[in-house]
$ cat run05.tsv   # TSV, C-alpha atoms
chain	number	residue	atom	x	y	z
A	1	MET	CA	9.88	26.64	87.97
A	2	GLN	CA	11.88	26.11	84.79
A	3	LEU	CA	9.81	24.68	81.94
A	4	PHE	CA	11.50	22.89	79.05
A	5	LEU	CA	9.44	22.02	75.98
A	6	GLY	CA	11.55	19.14	74.79
A	7	THR	CA	15.10	18.04	75.55
A	8	ILE	CA	16.51	20.56	73.09
A	9	GLN	CA	15.61	23.35	75.53
A	10	VAL	CA	17.44	21.77	78.49
A	11	PRO	CA	20.79	23.55	79.08
A	12	SER	CA	23.86	21.38	78.66
A	13	ASP	CA	24.91	22.12	82.25
A	14	PHE	CA	21.53	21.22	83.77
A	15	GLY	CA	21.52	19.13	86.94
A	16	PRO	CA	22.51	16.86	88.45
A	17	SER	CA	18.85	16.10	89.08
A	18	ALA	CA	16.36	14.00	90.98
A	19	VAL	CA	13.68	12.97	88.48
A	20	THR	CA	10.21	11.51	88.52
A	21	ILE	CA	8.25	10.52	85.41
A	22	GLY	CA	4.52	10.34	84.75
A	23	LYS	CA	1.38	11.73	83.13
A	24	PHE	CA	0.50	13.74	86.26
A	25	ASP	CA	-3.07	14.33	85.09
A	26	GLY	CA	-4.66	16.59	87.69
A	27	VAL	CA	-1.57	16.64	89.94
A	28	HIS	CA	-3.65	14.96	92.66
A	29	ASN	CA	-2.72	13.99	96.22
A	30	GLY	CA	-0.95	10.84	95.07
A	31	HIS	CA	1.16	12.89	92.69
A	32	ARG	CA	1.80	15.50	95.36
A	33	ALA	CA	3.13	12.84	97.73
A	34	VAL	CA	5.61	11.79	95.04
A	35	LEU	CA	6.59	15.40	94.39
A	36	SER	CA	7.08	16.01	98.10
A	37	GLN	CA	9.43	13.02	98.32
A	38	LEU	CA	11.20	14.21	95.18
A	39	ARG	CA	11.83	17.63	96.69
A	40	SER	CA	13.07	16.11	99.94
A	41	ILE	CA	15.59	13.90	98.15
A	42	ALA	CA	16.67	16.74	95.88
A	43	ASP	CA	17.18	19.11	98.81
A	44	ALA	CA	19.13	16.53	100.84
A	45	ARG	CA	21.45	15.72	97.93
A	46	SER	CA	21.70	19.19	96.34
A	47	LEU	CA	19.92	17.99	93.20
A	48	VAL	CA	17.43	19.75	90.93
A	49	SER	CA	13.91	18.39	91.51
A	50	THR	CA	12.63	17.61	88.03
A	51	VAL	CA	9.40	16.21	86.56
A	52	VAL	CA	9.27	14.49	83.18
A	53	THR	CA	5.76	14.49	81.76
A	54	PHE	CA	3.94	14.57	78.42
A	55	ASP	CA	1.87	17.06	76.45
A	56	ARG	CA	-0.92	14.49	76.05
A	57	HIS	CA	-1.95	11.10	77.31
A	58	PRO	CA	0.06	8.44	75.40
A	59	LEU	CA	-3.20	6.74	74.43
A	60	ALA	CA	-4.20	9.88	72.51
A	61	LEU	CA	-1.61	8.77	69.95
A	62	LEU	CA	-1.47	5.01	70.42
A	63	HIS	CA	-5.17	4.17	70.94
A	64	PRO	CA	-7.35	7.30	70.70
A	65	GLU	CA	-10.53	5.28	71.18
A	66	LEU	CA	-9.32	4.23	74.63
A	67	CYS	CA	-7.93	7.58	75.74
A	68	PRO	CA	-9.65	8.98	78.86
A	69	ARG	CA	-10.65	12.62	79.08
A	70	ALA	CA	-7.99	14.73	80.76
A	71	LEU	CA	-8.70	16.23	84.18
A	72	VAL	CA	-6.69	19.33	83.29
A	73	SER	CA	-5.17	20.97	80.23
A	74	THR	CA	-1.43	20.93	79.64
A	75	ALA	CA	-1.30	24.56	80.77
A	76	GLN	CA	-3.20	23.78	83.97
A	77	LYS	CA	-0.92	20.80	84.67
A	78	THR	CA	2.15	23.00	84.25
A	79	GLU	CA	0.71	25.57	86.67
A	80	ARG	CA	-0.04	22.90	89.29
A	81	LEU	CA	3.43	21.40	89.02
A	82	ALA	CA	4.87	24.85	89.62
A	83	GLU	CA	2.58	25.30	92.63
A	84	ALA	CA	3.83	21.94	93.97
A	85	GLY	CA	7.29	23.43	94.25
A	86	VAL	CA	9.37	21.41	91.79
A	87	ALA	CA	12.35	23.20	90.31
A	88	ALA	CA	11.93	22.08	86.70
A	89	THR	CA	9.55	20.30	84.34
A	90	LEU	CA	10.47	18.68	81.06
A	91	MET	CA	7.34	18.55	78.90
A	92	LEU	CA	7.85	15.95	76.19
A	93	LYS	CA	5.76	15.92	73.02
A	94	PHE	CA	4.33	12.43	72.88
A	95	ASP	CA	4.71	11.74	69.18
A	96	ARG	CA	5.51	8.66	67.13
A	97	ALA	CA	9.26	9.15	67.55
A	98	LEU	CA	9.04	9.25	71.34
A	99	SER	CA	6.68	6.27	71.43
A	100	GLU	CA	9.22	4.19	69.50
A	101	LEU	CA	12.20	4.86	71.78
A	102	SER	CA	13.34	1.68	73.46
A	103	ALA	CA	13.62	1.64	77.24
A	104	GLU	CA	17.39	1.99	77.04
A	105	GLN	CA	17.16	4.84	74.52
A	106	PHE	CA	14.65	6.64	76.74
A	107	ALA	CA	16.87	6.29	79.80
A	108	ARG	CA	20.00	7.37	77.96
A	109	SER	CA	18.66	10.30	75.93
A	110	ILE	CA	16.30	11.81	78.50
A	111	LEU	CA	17.41	10.79	81.99
A	112	VAL	CA	21.16	10.73	81.40
A	113	ASP	CA	22.10	12.94	78.44
A	114	ALA	CA	19.50	15.68	78.98
A	115	LEU	CA	18.81	15.73	82.73
A	116	HIS	CA	22.00	14.19	84.19
A	117	ALA	CA	19.82	12.24	86.62
A	118	SER	CA	21.37	11.09	89.88
A	119	CYS	CA	18.12	9.67	91.29
A	120	VAL	CA	14.88	8.54	89.61
A	121	LEU	CA	11.62	8.09	91.56
A	122	VAL	CA	8.95	5.79	90.13
A	123	GLY	CA	5.98	3.72	91.28
A	124	ARG	CA	6.06	-0.07	91.45
A	125	ASP	CA	3.97	-0.41	88.28
A	126	PHE	CA	6.02	2.09	86.26
A	127	ARG	CA	6.53	1.16	82.59
A	128	PHE	CA	8.52	3.00	79.95
A	129	GLY	CA	9.93	2.70	76.47
A	130	ALA	CA	8.36	1.35	73.27
A	131	GLY	CA	5.43	-0.92	73.98
A	132	GLY	CA	5.76	-0.29	77.71
A	133	LEU	CA	8.39	-3.02	77.83
A	134	GLY	CA	10.61	-1.19	80.32
A	135	THR	CA	10.02	-2.27	83.93
A	136	VAL	CA	11.26	-0.99	87.26
A	137	ALA	CA	13.71	-3.87	87.36
A	138	LEU	CA	15.10	-2.88	83.95
A	139	LEU	CA	15.28	0.78	85.01
A	140	SER	CA	17.31	-0.26	88.05
A	141	GLU	CA	19.69	-2.26	85.82
A	142	LEU	CA	20.09	0.69	83.48
A	143	GLY	CA	20.62	3.00	86.44
A	144	ALA	CA	23.46	0.83	87.70
A	145	GLY	CA	25.15	1.20	84.34
A	146	PHE	CA	24.35	4.86	83.74
A	147	GLY	CA	25.03	6.03	87.27
A	148	PHE	CA	21.60	6.86	88.73
A	149	LYS	CA	19.75	5.28	91.63
A	150	VAL	CA	16.11	4.18	91.39
A	151	VAL	CA	13.77	4.88	94.33
A	152	ILE	CA	10.37	3.17	94.45
A	153	VAL	CA	7.51	5.35	95.66
A	154	GLU	CA	4.53	3.66	97.33
A	155	ASP	CA	0.96	4.45	96.30
A	156	VAL	CA	-1.21	6.81	98.34
A	157	ALA	CA	-4.46	5.11	99.40
A	158	GLN	CA	-7.82	6.61	100.40
A	159	ASP	CA	-11.02	5.01	101.68
A	160	GLY	CA	-9.46	1.71	102.58
A	161	ASP	CA	-7.10	0.28	100.01
A	162	ARG	CA	-8.16	2.17	96.89
A	163	ARG	CA	-5.27	4.01	95.31
A	164	VAL	CA	-5.71	7.73	94.69
A	165	SER	CA	-5.79	8.03	90.91
A	166	SER	CA	-6.87	10.24	88.04
A	167	THR	CA	-9.34	7.49	87.07
A	168	TRP	CA	-11.11	7.70	90.45
A	169	ILE	CA	-11.28	11.50	90.29
A	170	ARG	CA	-12.59	11.30	86.73
A	171	GLU	CA	-15.36	8.97	87.90
A	172	LEU	CA	-16.45	11.43	90.59
A	173	ILE	CA	-16.48	14.48	88.33
A	174	SER	CA	-18.24	12.64	85.51
A	175	THR	CA	-21.07	11.65	87.85
A	176	GLY	CA	-21.42	15.08	89.48
A	177	ARG	CA	-19.91	14.09	92.85
A	178	VAL	CA	-17.74	17.19	92.90
A	179	SER	CA	-17.83	17.62	96.69
A	180	GLU	CA	-15.88	14.35	97.07
A	181	VAL	CA	-13.06	15.41	94.76
A	182	PRO	CA	-10.98	17.71	97.03
A	183	GLN	CA	-10.02	14.85	99.36
A	184	LEU	CA	-8.32	13.17	96.38
A	185	LEU	CA	-7.30	16.09	94.20
A	186	GLY	CA	-6.19	18.41	97.00
A	187	THR	CA	-8.29	21.21	95.52
A	188	ARG	CA	-11.76	21.72	94.09
A	189	PRO	CA	-12.36	20.48	90.55
A	190	SER	CA	-12.29	23.41	88.16
A	191	ILE	CA	-12.59	24.41	84.52
A	192	ARG	CA	-11.41	27.47	82.64
A	193	SER	CA	-12.53	29.21	79.46
A	194	VAL	CA	-13.41	32.51	77.80
A	195	VAL	CA	-16.81	34.14	78.33
A	196	VAL	CA	-18.76	34.45	75.09
A	197	HIS	CA	-22.14	35.87	74.09
A	198	GLY	CA	-25.13	33.58	74.58
A	199	ALA	CA	-28.87	33.76	73.92
A	200	GLN	CA	-29.33	35.94	77.07
A	201	ARG	CA	-32.30	33.89	78.25
A	202	GLY	CA	-30.95	33.97	81.80
A	203	ARG	CA	-31.21	37.74	81.87
A	204	THR	CA	-34.88	37.65	80.90
A	205	LEU	CA	-35.50	35.12	83.69
A	206	GLY	CA	-33.78	37.28	86.29
A	207	TYR	CA	-30.50	35.36	86.33
A	208	PRO	CA	-27.97	36.71	83.80
A	209	THR	CA	-25.18	34.25	83.14
A	210	ALA	CA	-21.63	34.16	81.85
A	211	ASN	CA	-21.56	31.62	79.00
A	212	LEU	CA	-18.29	29.76	78.58
A	213	SER	CA	-16.76	29.05	75.20
A	214	PRO	CA	-16.87	25.31	74.32
A	215	GLN	CA	-13.05	25.35	74.24
A	216	ILE	CA	-12.84	24.51	77.94
A	217	GLU	CA	-9.75	23.57	79.94
A	218	GLY	CA	-10.41	20.87	82.51
A	219	LEU	CA	-12.98	18.11	82.83
A	220	VAL	CA	-16.58	19.37	82.75
A	221	PRO	CA	-18.79	17.68	85.38
A	222	ALA	CA	-22.02	15.83	84.66
A	223	ASP	CA	-25.01	17.83	83.42
A	224	ALA	CA	-26.54	19.48	86.48
A	225	VAL	CA	-26.80	22.65	88.55
A	226	TYR	CA	-23.93	23.28	90.96
A	227	ALA	CA	-22.89	25.62	93.74
A	228	ALA	CA	-19.54	27.04	92.67
A	229	TRP	CA	-17.10	29.91	92.80
A	230	LEU	CA	-16.57	32.04	89.72
A	231	VAL	CA	-12.96	33.23	89.63
A	232	VAL	CA	-12.02	36.31	87.61
A	233	GLY	CA	-8.41	37.30	88.09
A	234	ASP	CA	-7.93	37.66	91.84
A	235	ALA	CA	-11.67	38.05	92.52
A	236	ARG	CA	-13.96	35.18	93.58
A	237	TYR	CA	-17.73	35.34	93.33
A	238	PRO	CA	-20.36	32.87	94.62
A	239	ALA	CA	-22.14	31.37	91.63
A	240	ALA	CA	-24.91	29.13	90.41
A	241	VAL	CA	-23.59	27.06	87.51
A	242	SER	CA	-25.69	25.17	84.98
A	243	ILE	CA	-24.21	22.50	82.72
A	244	GLY	CA	-26.23	20.88	79.95
A	245	ASN	CA	-28.45	21.66	77.00
A	246	ASN	CA	-31.22	23.35	79.04
A	247	PRO	CA	-34.09	21.05	77.93
A	248	THR	CA	-36.74	23.70	78.66
A	249	PHE	CA	-35.69	25.59	75.51
A	250	ASP	CA	-35.21	24.33	71.96
A	251	GLY	CA	-32.02	24.81	69.99
A	252	VAL	CA	-29.64	25.13	72.94
A	253	PRO	CA	-26.12	23.78	72.19
A	254	ASP	CA	-25.15	20.56	73.95
A	255	ARG	CA	-23.13	20.80	77.16
A	256	GLN	CA	-23.39	24.54	77.59
A	257	VAL	CA	-21.75	25.90	80.74
A	258	GLU	CA	-23.36	29.01	82.25
A	259	ALA	CA	-22.45	30.76	85.51
A	260	HIS	CA	-24.65	33.24	87.36
A	261	ALA	CA	-22.60	35.36	89.77
A	262	ILE	CA	-24.78	35.93	92.81
A	263	ASP	CA	-25.33	39.57	93.86
A	264	GLN	CA	-23.01	40.88	91.12
A	265	LYS	CA	-23.27	42.94	87.94
A	266	LEU	CA	-20.31	41.86	85.81
A	267	ASP	CA	-19.31	42.48	82.22
A	268	LEU	CA	-17.12	39.46	81.48
A	269	TYR	CA	-17.32	39.14	77.70
A	270	GLY	CA	-13.94	38.18	76.28
A	271	GLN	CA	-12.40	37.49	79.70
A	272	THR	CA	-10.93	34.16	80.80
A	273	VAL	CA	-12.65	32.88	83.94
A	274	SER	CA	-12.42	29.76	86.08
A	275	ILE	CA	-15.22	27.87	87.81
A	276	GLU	CA	-14.47	25.93	91.00
A	277	PHE	CA	-17.21	23.40	91.69
A	278	VAL	CA	-18.33	22.97	95.32
A	279	GLU	CA	-21.49	20.85	95.42
A	280	PHE	CA	-24.13	19.21	93.23
A	281	VAL	CA	-27.53	20.90	93.66
A	282	ARG	CA	-29.89	19.14	91.24
A	283	GLY	CA	-29.99	17.37	87.92
A	284	MET	CA	-31.18	18.94	84.68
A	285	THR	CA	-34.95	18.95	84.28
A	286	LYS	CA	-37.32	20.04	81.54
A	287	PHE	CA	-39.83	22.55	82.92
A	288	ALA	CA	-43.27	23.31	81.52
A	289	ASN	CA	-42.37	26.90	80.73
A	290	ALA	CA	-39.92	29.72	81.45
A	291	ASP	CA	-41.85	30.84	84.56
A	292	ALA	CA	-41.54	27.40	86.12
A	293	LEU	CA	-37.83	27.39	85.38
A	294	ALA	CA	-37.39	30.86	86.90
A	295	LYS	CA	-39.18	29.71	90.08
A	296	GLN	CA	-36.87	26.70	90.38
A	297	MET	CA	-33.84	28.93	89.83
A	298	GLY	CA	-34.97	30.97	92.82
A	299	VAL	CA	-35.09	27.79	94.91
A	300	ASP	CA	-31.65	26.84	93.60
A	301	GLU	CA	-30.26	30.23	94.61
A	302	VAL	CA	-31.45	29.82	98.19
A	303	ARG	CA	-29.77	26.42	98.41
A	304	ILE	CA	-26.55	27.64	96.79
A	305	ARG	CA	-26.35	30.58	99.19
A	306	GLU	CA	-26.62	28.09	102.07
A	307	ILE	CA	-23.87	25.89	100.63
A	308	LEU	CA	-21.48	28.77	99.99
A	309	GLY	CA	-22.26	30.68	103.17
A	310	VAL	CA	-23.70	33.70	101.36
A	311	PRO	CA	-26.42	35.69	103.20
A	312	GLN	CA	-29.91	35.23	101.82
A	313	ARG	CA	-31.33	38.25	100.05
A	314	SER	CA	-34.28	40.02	101.58
A	315	THR	CA	-37.69	39.01	100.25
A	316	GLY	CA	-38.56	40.75	97.03
A	317	SER	CA	-35.14	42.27	96.41
A	318	PRO	CA	-33.40	41.04	93.26
A	319	SER	CA	-29.99	39.42	93.42
A	320	PHE	CA	-28.89	41.67	90.54
A	321	GLU	CA	-29.98	44.65	88.50
A	322	PRO	CA	-30.73	43.90	84.86
A	323	ARG	CA	-28.62	45.77	82.32

$ encode --input "run05.tsv" --output "structure tokens"
Amino acid sequence: MQLFLGTIQVPSDFGPSAVTIGKFDGVHNGHRAVLSQLRSIADARSLVSTVVTFDRHPLALLHPELCPRALVSTAQKTERLAEAGVAATLMLKFDRALSELSAEQFARSILVDALHASCVLVGRDFRFGAGGLGTVALLSELGAGFGFKVVIVEDVAQDGDRRVSSTWIRELISTGRVSEVPQLLGTRPSIRSVVVHGAQRGRTLGYPTANLSPQIEGLVPADAVYAAWLVVGDARYPAAVSIGNNPTFDGVPDRQVEAHAIDQKLDLYGQTVSIEFVEFVRGMTKFANADALAKQMGVDEVRIREILGVPQRSTGSPSFEPR
């Protein structure tokens, strides 16, 4: 996939193209349906399938207090668009200048002058240009003058009439219902960060953990213990993941993410890892002491092995060897 960071990077001979425009947060099943239709039209008409998206949610600039948390980072979004098979992505910096472009200026400078659009796919509620004043009807009028056709893409619904959306997925992740996310997102919810040094309490309890840096890509689920997969490069390890401030101990940073790789001895300090969440196991609880917590962690491990299909360890044998 070609990635252009701004119109200045688009070659003058680019296109002609079939274009769709949107935030594409998460690149969920609704987005993927649009991208599939985009590719089909592009292939049938010998056009370049192209996505126009933004480096941040527009509300991050216009109304930060109303801006929802992103499901994925800009880098993760770019990777998922590439995996979806589009030929090119134009990543626009959503700054004050872009926000003030009129609908006609947006269509002319981006769709026509930069991308040489022949076809533009949008949803029925699509809005564009300064103040969101541009409508689908206006886009169609502009297309008639500029020489591109507008195709309306219908929403993808799930569970009755509810539209698949980033908002719905965000609700599920934020309440710990991670097992329900794949049917909407098309993949498990995941986060990514660098492993840093922690207090090493898990090691003393018999469950050494990889502590993630607070600079995390992706939306972190609700505070809880989860069954998950720890992904390191091409390797995938079954894992018990704890999210929260660990109320049993004092002085633990808020929203700490720790992953215990089951049956593994791994030195991950400084490495970038991903966590793919599978199922909620239990909420965060304050235990009377460290021994009580360690006992519960043993119970959690048994349950997580069941969820992930990992054989139970024989009685009395540790799931790791302390280092």

$ residues_around --input "run05.tsv" --residues "Val122 (chain A)" --least-positions-apart "3" --cutoff "8 Å" --atoms "only C-alpha atoms" --output "ChimeraX atom specification"
/A:20-21,126,136,150-153

$ atom_distance --input "run05.tsv" --atom1 "CA of Pro64 (chain A)" --atom2 "CA of Phe24 (chain A)"
18.6 Å

$ atom_distance --input "run05.tsv" --atom1 "CA of Thr50 (chain A)" --atom2 "CA of Val120 (chain A)"
9.5 Å

$ residues_around --input "run05.tsv" --residues "region 164-176 of chain A" --least-positions-apart "3" --cutoff "10 Å" --atoms "all atoms listed in the file" --output "PyMOL selection string"
chain A and resi 23-31+68-71+155-159+161+179-185+189-190+219-226+277+279-283

$ residues_around --input "run05.tsv" --residues "Pro11 (chain A)" --least-positions-apart "5" --cutoff "10 Å" --atoms "all atoms listed in the file" --output "VMD selection string"
chain A and resid 4 114 to 115

$ residues_near_point --input "run05.tsv" --point "(-9.6, 35.9, 89.6)" --cutoff "10 Å" --atoms "only C-alpha atoms" --output "list in words"
Leu230, Val231, Val232, Gly233, Asp234, Ala235, Arg236, Tyr237, Thr272, Val273, Ser274 and Ile275 of chain A

$ residues_around --input "run05.tsv" --residues "region 38-40 of chain A" --least-positions-apart "5" --cutoff "7 Å" --atoms "all atoms listed in the file" --output "list in words"
Ala18, Ser49 and Val86 of chain A

$ write_last_selection --input "run05.tsv" --atoms "C-alpha atoms" --output "PDB file, in the frame of the given file"
ATOM      1  CA  ALA A  18      16.360  14.000  90.980  1.00  0.00           C
ATOM      2  CA  SER A  49      13.910  18.390  91.510  1.00  0.00           C
ATOM      3  CA  VAL A  86       9.370  21.410  91.790  1.00  0.00           C
TER       4      VAL A  86
END

$ residues_around --input "run05.tsv" --residues "region 252-268 of chain A" --least-positions-apart "2" --cutoff "6 Å" --atoms "only C-alpha atoms" --output "PDB file with C-alpha atoms, in the frame of the given file"
ATOM      1  CA  PRO A 208     -27.970  36.710  83.800  1.00  0.00           C
ATOM      2  CA  THR A 209     -25.180  34.250  83.140  1.00  0.00           C
ATOM      3  CA  ALA A 210     -21.630  34.160  81.850  1.00  0.00           C
ATOM      4  CA  ASN A 211     -21.560  31.620  79.000  1.00  0.00           C
ATOM      5  CA  LEU A 212     -18.290  29.760  78.580  1.00  0.00           C
ATOM      6  CA  PRO A 238     -20.360  32.870  94.620  1.00  0.00           C
ATOM      7  CA  ALA A 239     -22.140  31.370  91.630  1.00  0.00           C
ATOM      8  CA  ALA A 240     -24.910  29.130  90.410  1.00  0.00           C
ATOM      9  CA  VAL A 241     -23.590  27.060  87.510  1.00  0.00           C
ATOM     10  CA  SER A 242     -25.690  25.170  84.980  1.00  0.00           C
ATOM     11  CA  ILE A 243     -24.210  22.500  82.720  1.00  0.00           C
ATOM     12  CA  GLY A 244     -26.230  20.880  79.950  1.00  0.00           C
ATOM     13  CA  ASN A 245     -28.450  21.660  77.000  1.00  0.00           C
ATOM     14  CA  ASP A 250     -35.210  24.330  71.960  1.00  0.00           C
ATOM     15  CA  GLN A 271     -12.400  37.490  79.700  1.00  0.00           C
ATOM     16  CA  SER A 319     -29.990  39.420  93.420  1.00  0.00           C
ATOM     17  CA  PHE A 320     -28.890  41.670  90.540  1.00  0.00           C
TER      18      PHE A 320
END

$ closest_residue --input "run05.tsv" --among "A:Val302, A:Val34, A:Cys119, A:Leu81" --to "Val48 (chain A)" --atoms "all atoms listed in the file"
A:Cys119

$ closest_residue --input "run05.tsv" --among "A:Pro16, A:Arg96, A:Leu66, A:Asn289" --to "Asp43 (chain A)" --atoms "all atoms listed in the file"
A:Pro16

$ atom_distance --input "run05.tsv" --atom1 "CA of Gly309 (chain A)" --atom2 "CA of Ala292 (chain A)"
25.9 Å

$ closest_residue --input "run05.tsv" --among "A:Arg192, A:Lys77, A:Lys295, A:Lys149" --to "Val19 (chain A)" --atoms "all atoms listed in the file"
A:Lys149

$ residues_near_point --input "run05.tsv" --point "(1.6, 12.0, 73.6)" --cutoff "12 Å" --atoms "only C-alpha atoms" --output "list in words"
Gly22, Lys23, Thr53, Phe54, Asp55, Arg56, His57, Pro58, Leu59, Ala60, Leu61, Leu62, His63, Pro64, Cys67, Thr74, Met91, Leu92, Lys93, Phe94, Asp95, Arg96, Ala97, Leu98, Ser99 and Glu100 of chain A

$ axis_aligned_box --input "run05.tsv" --around "region 160-169 of chain A" --padding-each-side "4 Å" --output "AutoDock Vina command-line options"
--center_x -8.3 --center_y 5.9 --center_z 94.8 --size_x 14.0 --size_y 19.2 --size_z 23.5

$ closest_residue --input "run05.tsv" --among "A:Gly298, A:Ala227, A:His197, A:Phe148" --to "Pro214 (chain A)" --atoms "only C-alpha atoms"
A:His197

$ closest_residue --input "run05.tsv" --among "A:Val278, A:Leu47, A:Ala290, A:Met284" --to "Thr187 (chain A)" --atoms "all atoms listed in the file"
A:Val278

$ closest_residue --input "run05.tsv" --among "A:Leu139, A:Ile216, A:Ile307, A:Val112" --to "Asp125 (chain A)" --atoms "all atoms listed in the file"
A:Leu139
